[in-house]
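As provided, target.cif (mmCIF, C-alpha atoms) reads as follows.
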data_protein
#
loop_
_atom_site.label_atom_id
_atom_site.label_comp_id
_atom_site.auth_asym_id
_atom_site.auth_seq_id
_atom_site.Cartn_x
_atom_site.Cartn_y
_atom_site.Cartn_z
CA MET N 27 -24.86 -7.78 -8.61
CA PRO N 28 -21.60 -6.07 -9.48
CA TYR N 29 -19.26 -5.50 -6.55
CA GLY N 30 -21.20 -7.59 -4.09
CA LEU N 31 -19.87 -8.05 -0.58
CA ARG N 32 -19.62 -11.80 -1.17
CA ASP N 33 -17.64 -11.49 -4.40
CA LYS N 34 -14.18 -13.04 -4.39
CA ALA N 35 -12.61 -10.18 -6.34
CA TRP N 36 -13.38 -6.59 -7.28
CA SER N 37 -11.75 -4.63 -10.04
CA PRO N 38 -8.66 -2.66 -9.00
CA TYR N 39 -10.44 0.49 -10.11
CA ALA N 40 -13.34 0.04 -7.69
CA ALA N 41 -10.90 -0.64 -4.86
CA GLY N 42 -8.69 2.29 -5.82
CA VAL N 43 -11.60 4.74 -5.90
CA LEU N 44 -12.80 3.50 -2.51
CA ILE N 45 -9.34 3.94 -1.00
CA GLY N 46 -8.94 7.38 -2.58
CA LEU N 47 -12.30 8.51 -1.19
CA LEU N 48 -10.97 7.81 2.31
CA GLN N 49 -9.04 11.06 1.94
CA ILE N 50 -12.35 12.86 2.55
CA PRO N 51 -12.81 11.73 6.19
CA ALA N 52 -9.03 11.83 6.74
CA PHE N 53 -8.78 15.51 5.75
CA LEU N 54 -12.17 16.71 7.01
CA LEU N 55 -12.39 14.82 10.32
CA ILE N 56 -8.79 14.10 11.33
CA ASN N 57 -7.03 16.97 9.57
CA THR N 58 -4.46 14.69 8.03
CA ALA N 59 -3.79 12.57 4.95
CA LEU N 60 -4.05 8.79 4.70
CA GLY N 61 -0.99 7.01 6.04
CA ALA N 62 -0.08 3.77 7.77
CA SER N 63 3.57 3.52 8.76
CA SER N 64 3.74 6.03 11.62
CA SER N 65 1.28 3.82 13.54
CA TYR N 66 4.18 1.35 13.89
CA VAL N 67 6.13 4.09 15.69
CA THR N 68 3.24 4.68 18.10
CA VAL N 69 3.00 0.97 18.91
CA ALA N 70 6.80 0.56 19.09
CA ALA N 71 7.20 3.61 21.35
CA HIS N 72 4.60 2.24 23.78
CA LEU N 73 6.13 -1.25 23.77
CA VAL N 74 9.66 0.11 24.29
CA SER N 75 8.44 2.37 27.11
CA LEU N 76 7.31 -0.74 29.01
CA VAL N 77 10.93 -1.81 29.43
CA ASP N 78 12.59 1.58 29.02
CA PRO N 79 10.45 4.51 30.26
CA ALA N 80 13.23 6.89 29.23
CA VAL N 81 12.20 6.44 25.60
CA SER N 82 9.54 9.12 26.05
CA GLY N 83 12.46 11.53 26.45
CA ILE N 84 13.31 11.01 22.77
CA LYS N 85 11.52 13.77 20.88
CA TYR N 86 10.54 11.56 17.95
CA ALA N 87 9.03 8.90 20.25
CA ALA N 88 7.22 11.52 22.32
CA GLN N 89 5.65 12.98 19.16
CA HIS N 90 4.11 9.61 18.37
CA LEU N 91 3.03 8.45 21.82
CA GLU N 92 -0.23 10.29 22.37
CA GLY N 93 -2.87 12.33 20.59
CA ALA N 94 -5.86 11.79 18.34
CA LYS N 95 -3.89 11.58 15.06
CA ASN N 96 -1.55 8.88 16.35
CA TRP N 97 -4.32 6.70 17.78
CA TRP N 98 -6.49 7.33 14.72
CA GLN N 99 -3.81 5.72 12.56
CA VAL N 100 -3.27 2.77 14.90
CA ALA N 101 -7.04 2.21 14.90
CA MET N 102 -7.15 2.46 11.12
CA VAL N 103 -4.46 -0.19 10.65
CA ALA N 104 -6.30 -2.45 13.12
CA GLY N 105 -9.48 -1.73 11.15
CA ILE N 106 -7.74 -2.88 7.96
CA ALA N 107 -7.25 -6.30 9.54
CA ALA N 108 -10.91 -6.38 10.60
CA GLY N 109 -12.14 -5.29 7.16
CA ALA N 110 -10.01 -7.90 5.38
CA PHE N 111 -11.19 -10.56 7.83
CA ILE N 112 -14.85 -9.76 7.22
CA SER N 113 -14.37 -9.54 3.46
CA SER N 114 -12.58 -12.90 3.28
CA ARG N 115 -15.25 -14.50 5.46
CA LEU N 116 -18.01 -13.20 3.20
CA SER N 117 -16.34 -14.40 0.01
CA GLY N 118 -15.02 -17.65 1.43
CA VAL N 119 -11.44 -16.98 0.27
CA ARG N 120 -9.71 -17.54 3.60
CA ARG N 121 -5.94 -17.97 3.70
CA ARG N 122 -3.85 -20.33 5.81
CA GLY N 123 -0.13 -20.51 6.43
CA PHE N 124 1.68 -18.50 3.78
CA SER N 125 1.28 -17.75 0.10
CA PRO N 126 2.55 -20.40 -2.38
CA VAL N 127 4.45 -17.60 -4.13
CA TRP N 128 7.24 -17.90 -1.54
CA THR N 129 7.93 -21.54 -2.39
CA ARG N 130 8.11 -20.62 -6.05
CA VAL N 131 10.29 -17.52 -5.87
CA VAL N 132 12.63 -18.30 -2.96
CA GLY N 133 12.03 -22.03 -2.37
CA LEU N 134 10.71 -21.66 1.19
CA ARG N 135 8.57 -24.56 2.34
CA SER N 136 8.13 -24.03 6.07
CA LEU N 137 5.99 -21.46 7.86
CA ALA N 138 8.84 -20.84 10.32
CA GLY N 139 11.25 -20.03 7.51
CA ARG N 140 8.81 -17.78 5.75
CA THR N 141 7.88 -16.04 9.00
CA LEU N 142 11.56 -15.26 9.62
CA MET N 143 11.79 -13.80 6.13
CA GLY N 144 8.69 -11.76 6.96
CA VAL N 145 10.35 -10.44 10.13
CA ALA N 146 13.38 -9.33 8.11
CA GLY N 147 11.17 -7.81 5.42
CA GLY N 148 9.01 -5.96 7.93
CA PHE N 149 12.08 -4.63 9.70
CA VAL N 150 13.69 -3.20 6.55
CA MET N 151 10.31 -1.95 5.31
CA LEU N 152 9.53 0.11 8.41
CA LEU N 153 13.08 1.36 8.81
CA GLY N 154 12.93 2.62 5.22
CA ALA N 155 9.42 4.04 5.60
CA ARG N 156 10.42 6.04 8.65
CA ILE N 157 13.63 7.34 7.06
CA ALA N 158 11.60 8.43 4.03
CA ASP N 159 8.84 9.71 6.38
CA GLY N 160 6.10 7.74 4.65
CA CYS N 161 5.09 4.50 2.98
CA THR N 162 2.94 3.44 0.05
CA SER N 163 0.02 5.27 1.68
CA GLY N 164 1.61 8.41 3.08
CA HIS N 165 4.08 9.11 0.28
CA GLY N 166 2.33 7.13 -2.42
CA ILE N 167 -1.41 7.62 -2.26
CA SER N 168 -1.40 10.86 -0.23
CA GLY N 169 1.88 12.50 -1.24
CA MET N 170 1.39 12.03 -4.96
CA ALA N 171 -2.19 13.32 -4.66
CA GLN N 172 -0.83 16.44 -2.97
CA LEU N 173 1.78 16.82 -5.73
CA ALA N 174 4.61 16.70 -3.18
CA VAL N 175 7.95 16.53 -5.00
CA GLY N 176 9.56 14.45 -2.24
CA SER N 177 6.78 11.89 -2.52
CA PHE N 178 7.35 11.40 -6.25
CA VAL N 179 11.04 10.83 -5.45
CA ALA N 180 10.26 8.42 -2.58
CA VAL N 181 7.76 6.42 -4.66
CA GLY N 182 10.26 6.13 -7.52
CA ALA N 183 12.91 4.88 -5.09
CA MET N 184 10.40 2.50 -3.51
CA PHE N 185 9.59 0.87 -6.84
CA ALA N 186 13.31 0.75 -7.70
CA GLY N 187 14.13 -1.00 -4.41
CA GLY N 188 11.27 -3.45 -4.81
CA ILE N 189 12.10 -4.27 -8.43
CA LEU N 190 15.78 -4.77 -7.55
CA VAL N 191 15.02 -7.27 -4.79
CA ALA N 192 12.22 -9.07 -6.66
CA MET N 193 14.47 -9.50 -9.70
CA MET N 194 16.96 -11.37 -7.50
CA MET N 195 14.21 -13.89 -6.72
CA LYS N 196 13.26 -16.60 -9.17
CA ARG N 197 11.28 -15.01 -11.99
CA LEU N 198 7.92 -16.60 -12.59
CA MET S 30 -11.68 15.56 17.81
CA SER S 31 -11.30 13.49 20.98
CA VAL S 32 -8.97 10.50 20.98
CA LEU S 33 -11.92 8.15 21.32
CA GLY S 34 -13.74 9.77 18.42
CA ALA S 35 -10.61 9.58 16.28
CA VAL S 36 -10.22 5.90 17.13
CA GLY S 37 -13.81 5.25 16.07
CA VAL S 38 -13.31 7.09 12.78
CA GLY S 39 -10.03 5.22 12.28
CA LEU S 40 -11.61 1.82 12.86
CA LEU S 41 -14.41 2.53 10.39
CA MET S 42 -12.03 3.92 7.77
CA GLY S 43 -9.70 0.97 8.28
CA MET S 44 -12.53 -1.50 7.75
CA VAL S 45 -13.38 0.11 4.41
CA PHE S 46 -9.65 0.17 3.54
CA GLY S 47 -9.22 -3.48 4.53
CA PHE S 48 -12.32 -4.49 2.57
CA ALA S 49 -10.94 -2.80 -0.55
CA LEU S 50 -7.49 -4.37 -0.09
CA GLU S 51 -8.98 -7.85 0.33
CA LYS S 52 -11.52 -7.63 -2.49
CA SER S 53 -8.95 -6.27 -4.92
CA ARG S 54 -6.50 -9.07 -3.88
CA VAL S 55 -3.63 -6.57 -3.73
CA PHE S 56 -2.75 -7.83 -0.25
CA GLU S 57 -1.58 -11.10 -1.84
CA PRO S 58 2.23 -11.42 -1.84
CA GLY S 59 1.87 -12.97 -5.31
CA MET S 60 0.47 -9.64 -6.56
CA ILE S 61 3.26 -7.55 -5.00
CA ILE S 62 6.12 -9.79 -6.22
CA GLY S 63 4.31 -10.03 -9.56
CA GLN S 64 4.22 -6.24 -9.87
CA PHE S 65 7.93 -5.92 -9.11
CA GLN S 66 8.65 -8.66 -11.68
CA PHE S 67 6.46 -6.88 -14.27
CA ARG S 68 4.02 -9.72 -14.77
CA ASN S 69 1.09 -8.50 -12.67
CA PHE S 70 -0.23 -4.94 -12.74
CA ILE S 71 -3.08 -4.96 -10.23
CA MET S 72 -1.01 -3.16 -7.58
CA LEU S 73 -0.06 -0.32 -9.93
CA LYS S 74 -3.67 0.03 -11.10
CA ILE S 75 -5.05 0.30 -7.57
CA PHE S 76 -2.27 2.63 -6.56
CA LEU S 77 -2.75 5.03 -9.48
CA THR S 78 -6.55 4.88 -9.15
CA ALA S 79 -6.29 5.82 -5.47
CA VAL S 80 -3.89 8.66 -6.32
CA THR S 81 -6.22 9.90 -9.07
CA THR S 82 -9.25 9.79 -6.78
CA GLY S 83 -7.27 11.65 -4.15
CA LEU S 84 -6.27 14.30 -6.69
CA VAL S 85 -9.92 14.93 -7.61
CA VAL S 86 -11.08 14.86 -3.98
CA LEU S 87 -8.39 17.32 -2.90
CA ALA S 88 -8.86 19.52 -5.97
CA VAL S 89 -12.46 20.01 -4.82
CA LEU S 90 -11.84 20.24 -1.07
CA ASN S 91 -8.81 22.50 -1.38
CA GLY S 92 -10.27 24.46 -4.29
CA LEU S 93 -13.30 25.29 -2.13
CA ASP S 94 -10.91 26.19 0.70
CA LEU S 95 -12.34 23.50 2.97
CA VAL S 96 -9.03 21.83 3.74
CA LYS S 97 -5.35 22.70 3.85
CA LEU S 98 -2.84 20.46 2.13
CA SER S 99 -0.25 18.75 4.31
CA PRO S 100 2.52 17.57 1.99
CA LYS S 101 5.71 16.11 3.41
CA ALA S 102 8.97 18.03 3.23
CA THR S 103 11.30 17.16 0.38
CA LEU S 104 14.51 15.62 1.71
CA PHE S 105 16.25 14.03 -1.25
CA ALA S 106 18.72 11.76 0.56
CA ALA S 107 16.08 10.50 2.99
CA ASP S 108 13.45 10.11 0.26
CA VAL S 109 15.80 8.11 -1.97
CA GLY S 110 17.57 6.09 0.75
CA GLY S 111 14.41 5.44 2.76
CA GLY S 112 12.40 4.72 -0.38
CA LEU S 113 14.95 2.13 -1.58
CA LEU S 114 14.90 0.37 1.80
CA LEU S 115 11.11 0.57 1.93
CA GLY S 116 10.82 -1.03 -1.51
CA ALA S 117 13.33 -3.76 -0.68
CA GLY S 118 11.37 -4.49 2.51
CA ILE S 119 8.08 -4.59 0.61
CA ALA S 120 9.52 -7.18 -1.78
CA LEU S 121 10.82 -9.33 1.10
CA ALA S 122 7.62 -8.93 3.11
CA GLY S 123 5.26 -9.26 0.15
CA ALA S 124 3.31 -6.42 1.70
CA CYS S 125 3.46 -2.76 2.55
CA PRO S 126 2.91 -1.38 6.06
CA GLY S 127 -0.88 -1.16 5.55
CA THR S 128 -1.45 -4.44 3.71
CA VAL S 129 0.35 -6.43 6.43
CA ALA S 130 -2.79 -5.93 8.50
CA ALA S 131 -4.97 -7.12 5.62
CA GLN S 132 -2.83 -10.26 5.31
CA ILE S 133 -3.31 -10.99 8.99
CA GLY S 134 -7.06 -10.42 8.69
CA ALA S 135 -7.29 -12.69 5.65
CA GLY S 136 -5.49 -15.46 7.53
CA TYR S 137 -1.83 -15.43 6.44
CA ARG S 138 0.21 -16.53 9.44
CA ASP S 139 3.61 -15.32 8.21
CA ALA S 140 2.25 -11.75 8.23
CA ILE S 141 2.42 -11.79 12.03
CA GLY S 142 6.20 -12.04 11.62
CA THR S 143 6.13 -9.11 9.20
CA LEU S 144 4.18 -7.05 11.74
CA VAL S 145 6.65 -7.91 14.52
CA GLY S 146 9.58 -7.07 12.24
CA GLY S 147 7.92 -3.79 11.33
CA ILE S 148 7.44 -2.78 14.96
CA ALA S 149 11.07 -3.69 15.64
CA GLY S 150 12.16 -1.59 12.65
CA ALA S 151 10.15 1.36 13.99
CA ALA S 152 11.69 0.84 17.46
CA LEU S 153 15.18 0.95 15.96
CA PHE S 154 14.30 4.11 14.03
CA ILE S 155 13.15 5.83 17.22
CA HIS S 156 16.67 5.30 18.58
CA VAL S 157 18.61 6.25 15.45
CA GLN S 158 16.41 9.20 14.50
CA PRO S 159 18.35 11.69 16.66
CA VAL S 160 21.57 10.58 14.91
CA LEU S 161 20.06 10.71 11.41
CA GLU S 162 18.23 14.00 11.95
CA PRO S 163 21.17 16.39 11.46
CA LEU S 164 22.55 14.21 8.63
CA ILE S 165 19.61 13.62 6.27
CA LEU S 166 16.31 14.46 8.00
CA THR S 167 16.68 18.24 8.07
CA GLY S 168 17.42 21.01 5.60
CA GLY S 169 16.33 20.50 2.03
CA PRO S 170 14.07 22.76 0.01
CA GLY S 171 11.04 22.36 2.31
CA LYS S 172 7.55 21.24 1.36
CA LEU S 173 8.03 21.45 -2.40
CA ARG S 174 4.91 20.97 -4.53
CA VAL S 175 4.67 20.61 -8.29
CA ASP S 176 1.84 23.15 -8.56
CA VAL S 177 3.80 25.73 -6.53
CA ALA S 178 6.91 25.15 -8.64
CA LEU S 179 4.82 25.69 -11.79
CA ASP S 180 3.08 28.70 -10.21
CA MET S 181 -0.33 27.19 -10.96
CA PRO S 182 -3.39 26.83 -8.71
CA TYR S 183 -3.34 23.46 -6.92
CA TRP S 184 -6.76 22.39 -8.17
CA VAL S 185 -5.87 23.00 -11.82
CA THR S 186 -2.58 21.11 -11.54
CA ALA S 187 -4.24 18.29 -9.60
CA LEU S 188 -6.96 17.83 -12.22
CA ALA S 189 -4.34 17.89 -14.99
CA PHE S 190 -2.38 15.14 -13.20
CA ALA S 191 -5.62 13.20 -12.72
CA VAL S 192 -6.22 13.28 -16.48
CA VAL S 193 -2.68 12.03 -17.13
CA TRP S 194 -3.11 9.11 -14.70
CA VAL S 195 -6.47 8.19 -16.22
CA VAL S 196 -4.85 8.02 -19.66
CA VAL S 197 -2.07 5.82 -18.24
CA LEU S 198 -4.65 3.56 -16.56
CA VAL S 199 -6.79 3.22 -19.69
CA ALA S 200 -3.70 2.27 -21.71
CA LEU S 201 -2.55 -0.15 -19.00
CA GLU S 202 -5.96 -1.84 -18.89
CA LYS S 203 -6.16 -2.09 -22.65
CA TRP S 204 -2.71 -3.66 -22.77
CA ARG S 205 -3.36 -6.01 -19.87
CA PRO S 206 -6.93 -6.56 -18.58
CA TRP S 207 -7.08 -6.90 -14.79
CA ARG S 208 -8.87 -10.23 -14.85
CA VAL S 209 -5.79 -11.80 -16.43
CA ASP S 210 -3.78 -10.96 -13.34
CA LEU S 211 -6.15 -12.41 -10.73
CA GLY S 212 -4.55 -15.85 -10.87
CA ALA S 213 -5.95 -19.34 -10.46
CA ASP S 214 -6.87 -18.78 -6.81
CA HIS S 215 -7.14 -14.98 -6.61
CA ASP S 216 -3.53 -14.80 -5.50
CA GLY S 217 -1.85 -13.51 -8.64
CA LEU S 218 -0.39 -16.93 -9.50
CA GLY S 219 -1.25 -18.88 -12.63
CA VAL S 220 -4.24 -18.43 -14.92
CA PRO S 221 -7.76 -17.69 -13.67
CA PRO S 222 -10.06 -20.71 -14.27
CA ALA S 223 -12.62 -18.47 -15.97
CA LEU S 224 -9.99 -17.63 -18.57
CA GLY S 225 -8.95 -21.15 -19.47
CA GLY S 226 -6.54 -21.73 -16.62
CA GLY S 227 -6.67 -24.53 -14.12
CA ALA S 228 -4.72 -27.50 -12.88
CA ASN S 229 -3.28 -28.35 -16.30
CA VAL S 230 -1.77 -24.93 -16.91
CA PRO S 231 1.90 -24.95 -15.90
CA ASP S 232 2.92 -22.74 -13.01
CA GLY S 233 3.79 -19.24 -13.89
CA GLN S 234 2.85 -19.49 -17.53
CA ASP S 235 1.93 -16.12 -18.90
CA PRO S 236 -1.88 -16.01 -18.98
CA LEU S 237 -1.76 -14.04 -22.22
CA ALA S 238 0.08 -16.94 -23.82
CA VAL S 239 -2.58 -19.49 -22.90
CA GLY S 240 -4.79 -20.56 -25.79
CA ASP S 241 -7.19 -18.10 -27.28
CA PHE S 242 -7.71 -16.36 -24.03
CA LYS S 243 -7.49 -12.87 -25.49
CA ILE S 244 -10.30 -13.62 -27.90
CA GLY S 245 -12.31 -15.19 -25.09
CA LEU S 246 -12.07 -12.04 -23.03
CA ARG S 247 -13.23 -9.85 -25.88
CA ARG S 248 -16.33 -12.02 -26.31
CA GLU S 249 -17.19 -11.56 -22.67
#
Take the structure from the file and write it as structure tokens.
Amino acid sequence: MPYGLRDKAWSPYAAGVLIGLLQIPAFLLINTALGASSSYVTVAAHLVSLVDPAVSGIKYAAQHLEGAKNWWQVAMVAGIAAGAFISSRLSGVRRRGFSPVWTRVVGLRSLAGRTLMGVAGGFVMLLGARIADGCTSGHGISGMAQLAVGSFVAVGAMFAGGILVAMMMKRL
Amino acid sequence: MSVLGAVGVGLLMGMVFGFALEKSRVFEPGMIIGQFQFRNFIMLKIFLTAVTTGLVVLAVLNGLDLVKLSPKATLFAADVGGGLLLGAGIALAGACPGTVAAQIGAGYRDAIGTLVGGIAGAALFIHVQPVLEPLILTGGPGKLRVDVALDMPYWVTALAFAVVWVVVLVALEKWRPWRVDLGADHDGLGVPPALGGGANVPDGQDPLAVGDFKIGLRRE
């Protein structure tokens, strides 16, 4: 059958339509657009408040600490991990360690080294996403669907930044 | 909706999202780096398809007055500066903020580092946001929208954009069929076995350059 749950790969168009359709429950049930990066602020604000309760005095942190929308997004990102886990179990394409692409493009051979690079990448990624007020989901998928001018600008800059850094790596 | 209800909806939506990210293989770092190096176009195809679907969905929902749009404010310096950093981070991480979770679910161990780095980046932003706010996070022209700027109804403009993206996608697919980009092990690297790839195809060789693959695909 086409697009079976046990298939190893679906077409990008099937996946894209499925992701786009998620705007329906997002708008109708949660009153918001798809997004992912502000969930990192919710988690970070709670973790920081464990050692520094004063963080809730920062307006931006306080806006992300509580409420249905904030926890909806944290749950959704957790759900992404669960969905990918189930999908990879069903198809039998489980991953271990890190992708071989890293050895080829930057010569990394150890999980520790690659994990450190991941930490740096994640750090820059979220810092940028929060400055821009959105990521590939919020600015990309949702902002461009809402014809927001700022989102077109942010997505253009995102691709520019990504291309610039990837071109410094070894080209395959 | 209650917090608990929202969490339930979020978990279900996330599972569908994660399923789509895993099945389409776009969570693979090889796909992301490949897109930024212009040799793999699965990420762009998924991205534009999701945007197009969203345009149609919102054209209907907003056109019928069932939902209000919630676009983000246009802040040029923040959009450009933040976007550049975001893109650089995506290239280093081999993921975007949502697909990090899919990588963890699919078993990649380095993605846990990316998640930790991301939370640390968000923690830093919480502390620098009050400093940045008066500099680049306020002012600007507000929540600018293309349809408003053109003085057109949203649903008409959205459907017009959807048509444009579909044309782009059809051309993209014709130029480079998605199966070419799957890779030898569904990770965007090498040539898919079904298309003549395998152990004896050198790393990184352009799948389109391998044998009579193009003809083979047409016969399919």
### Query
Hey, what comes out of the PyMOL selection byres ((chain N and resi 153) around 9) on this file? Could you write it as number ranges by chain?
N: 148-152, 154-158; S: 111, 114-115, 118, 147, 149-154
Write to file, as a PDB file, in the coordinates of the input, the residues of the selection just made, with C-alpha atoms.
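Wrote it out as result39.pdb, contents follow:
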ATOM      1  CA  GLY N 148       9.010  -5.960   7.930  1.00  0.00           C
ATOM      2  CA  PHE N 149      12.080  -4.630   9.700  1.00  0.00           C
ATOM      3  CA  VAL N 150      13.690  -3.200   6.550  1.00  0.00           C
ATOM      4  CA  MET N 151      10.310  -1.950   5.310  1.00  0.00           C
ATOM      5  CA  LEU N 152       9.530   0.110   8.410  1.00  0.00           C
ATOM      6  CA  GLY N 154      12.930   2.620   5.220  1.00  0.00           C
ATOM      7  CA  ALA N 155       9.420   4.040   5.600  1.00  0.00           C
ATOM      8  CA  ARG N 156      10.420   6.040   8.650  1.00  0.00           C
ATOM      9  CA  ILE N 157      13.630   7.340   7.060  1.00  0.00           C
ATOM     10  CA  ALA N 158      11.600   8.430   4.030  1.00  0.00           C
TER      11      ALA N 158
ATOM     12  CA  GLY S 111      14.410   5.440   2.760  1.00  0.00           C
ATOM     13  CA  LEU S 114      14.900   0.370   1.800  1.00  0.00           C
ATOM     14  CA  LEU S 115      11.110   0.570   1.930  1.00  0.00           C
ATOM     15  CA  GLY S 118      11.370  -4.490   2.510  1.00  0.00           C
ATOM     16  CA  GLY S 147       7.920  -3.790  11.330  1.00  0.00           C
ATOM     17  CA  ALA S 149      11.070  -3.690  15.640  1.00  0.00           C
ATOM     18  CA  GLY S 150      12.160  -1.590  12.650  1.00  0.00           C
ATOM     19  CA  ALA S 151      10.150   1.360  13.990  1.00  0.00           C
ATOM     20  CA  ALA S 152      11.690   0.840  17.460  1.00  0.00           C
ATOM     21  CA  LEU S 153      15.180   0.950  15.960  1.00  0.00           C
ATOM     22  CA  PHE S 154      14.300   4.110  14.030  1.00  0.00           C
TER      23      PHE S 154
END
### Message
I'd like the interatomic distance between atom CA of S:Thr82 and atom CA of S:Val109, to a tenth of an Å.
### Response
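A separation of 25.6 Å between them.
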### Query
Can you list, as JSON, numbers by chain, every protein, DNA or RNA residue that comes within 8 Å of stretch 185-189 of chain N when you count only C-alpha atoms, leaving out same-chain residues fewer than 4 positions away?
{"N": [181, 193], "S": [65, 66, 112, 113, 114, 115, 116, 117, 118, 119, 120]}
#### Entry: Exercise: S:Gly136 partners within 9 Å, all atoms listed in the file, chain neighbours under 5 positions left out, as a ChimeraX atom specification
/N:111,114,120-124 /S:131
### Query
Looking at N:Val191, N:Arg32, N:Ala146, N:Arg130, which one is nearest to N:Arg115, with distances taken over all atoms listed in the file?
N:Arg32
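Each of N:Gly160, N:Tyr66, N:Ala80, N:Leu134 was compared to chain S using only C-alpha atoms, and N:Tyr66 turns out to be the nearest.
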Go ahead and fit an axis-aligned box to every listed atom of stretch 83-87 of chain N plus 8 Å each side, and pass me the centre and edge lengths in Å, one decimal, as JSON.
{"center_x": 11.2, "center_y": 11.3, "center_z": 22.2, "size_x": 20.3, "size_y": 20.9, "size_z": 24.5}
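The coordinates place atom CA of S:Arg138 at 24.2 Å from atom CA of N:Val74.
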### Message
Quick check, in Å to one decimal: how far apart do atom CA of S:Gly171 and atom CA of S:Leu104 lie?
### Response
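For atom CA of S:Gly171 relative to atom CA of S:Leu104, the distance reads 7.6 Å.
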### Task
Evaluate the PyMOL selection byres ((chain N and resi 44) around 12) on the structure here and hand back the selected residues as a PyMOL selection string.
(chain N and resi 29+36-43+45-51) or (chain S and resi 42-50+52-53+75-76+78-83+86)
### Query
Applied to the shown file, which residues does the PyMOL selection byres ((chain S and resi 194-211) around 9) return, written as a ChimeraX atom specification?
/N:35,37-38 /S:53-54,60,63,68-71,73-74,77-78,80-81,189-193,212-221,224,236-237,246
### Message
Around (17.6, 11.2, 16.4), as given in the file, which residues come within 12 Å? Count all atoms listed in the file and list them as a ChimeraX atom specification.
### Response
/N:81,83-88,156-157 /S:152-167
If you count only C-alpha atoms, which residues fall within 9 Å of stretch 94-98 of chain S, apart from same-chain ones fewer than 6 positions away, as a PDB file with C-alpha atoms, in the coordinates of the input?
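Produced file out.pdb, reproduced below:
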ATOM      1  CA  PHE N  53      -8.780  15.510   5.750  1.00  0.00           C
ATOM      2  CA  LEU N  54     -12.170  16.710   7.010  1.00  0.00           C
ATOM      3  CA  ASN N  57      -7.030  16.970   9.570  1.00  0.00           C
ATOM      4  CA  THR N  58      -4.460  14.690   8.030  1.00  0.00           C
ATOM      5  CA  ALA N  59      -3.790  12.570   4.950  1.00  0.00           C
ATOM      6  CA  GLN N 172      -0.830  16.440  -2.970  1.00  0.00           C
TER       7      GLN N 172
ATOM      8  CA  LEU S  87      -8.390  17.320  -2.900  1.00  0.00           C
TER       9      LEU S  87
END
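Between N:Val67 and the residues S:Pro58, S:Leu41, S:Ile148, S:Asp139, the shortest atom-to-atom distance, using all atoms listed in the file, involves S:Ile148.
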### Task
Write out as a list in words the residues lying within 9 Å of stretch 173-178 of chain S, counting only C-alpha atoms and excluding same-chain residues fewer than 6 positions away.
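The contact residues come out as Gln172, Leu173, Ala174, Val175 and Gly176 of chain N; Pro100, Lys101, Ala102, Thr103, Trp184, Val185, Thr186 and Ala187 of chain S.
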### Pick from S:Val32, S:Gly37, S:Leu90, S:Gly123 nearest to chain N, counting all atoms listed in the file
S:Val32
### Task
Have a look at S:Gly134, S:Leu121, S:Asp108, S:Val129 and name the one nearest to N:Gly182; count all atoms listed in the file.
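Of S:Gly134, S:Leu121, S:Asp108, S:Val129, the one nearest N:Gly182, counting all atoms listed in the file, is S:Asp108.
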### Query
Which residue out of S:Gly34, S:Gly110, S:Gly92, S:Gly146 has the minimum interatomic distance to chain N when only C-alpha atoms are used?
S:Gly146
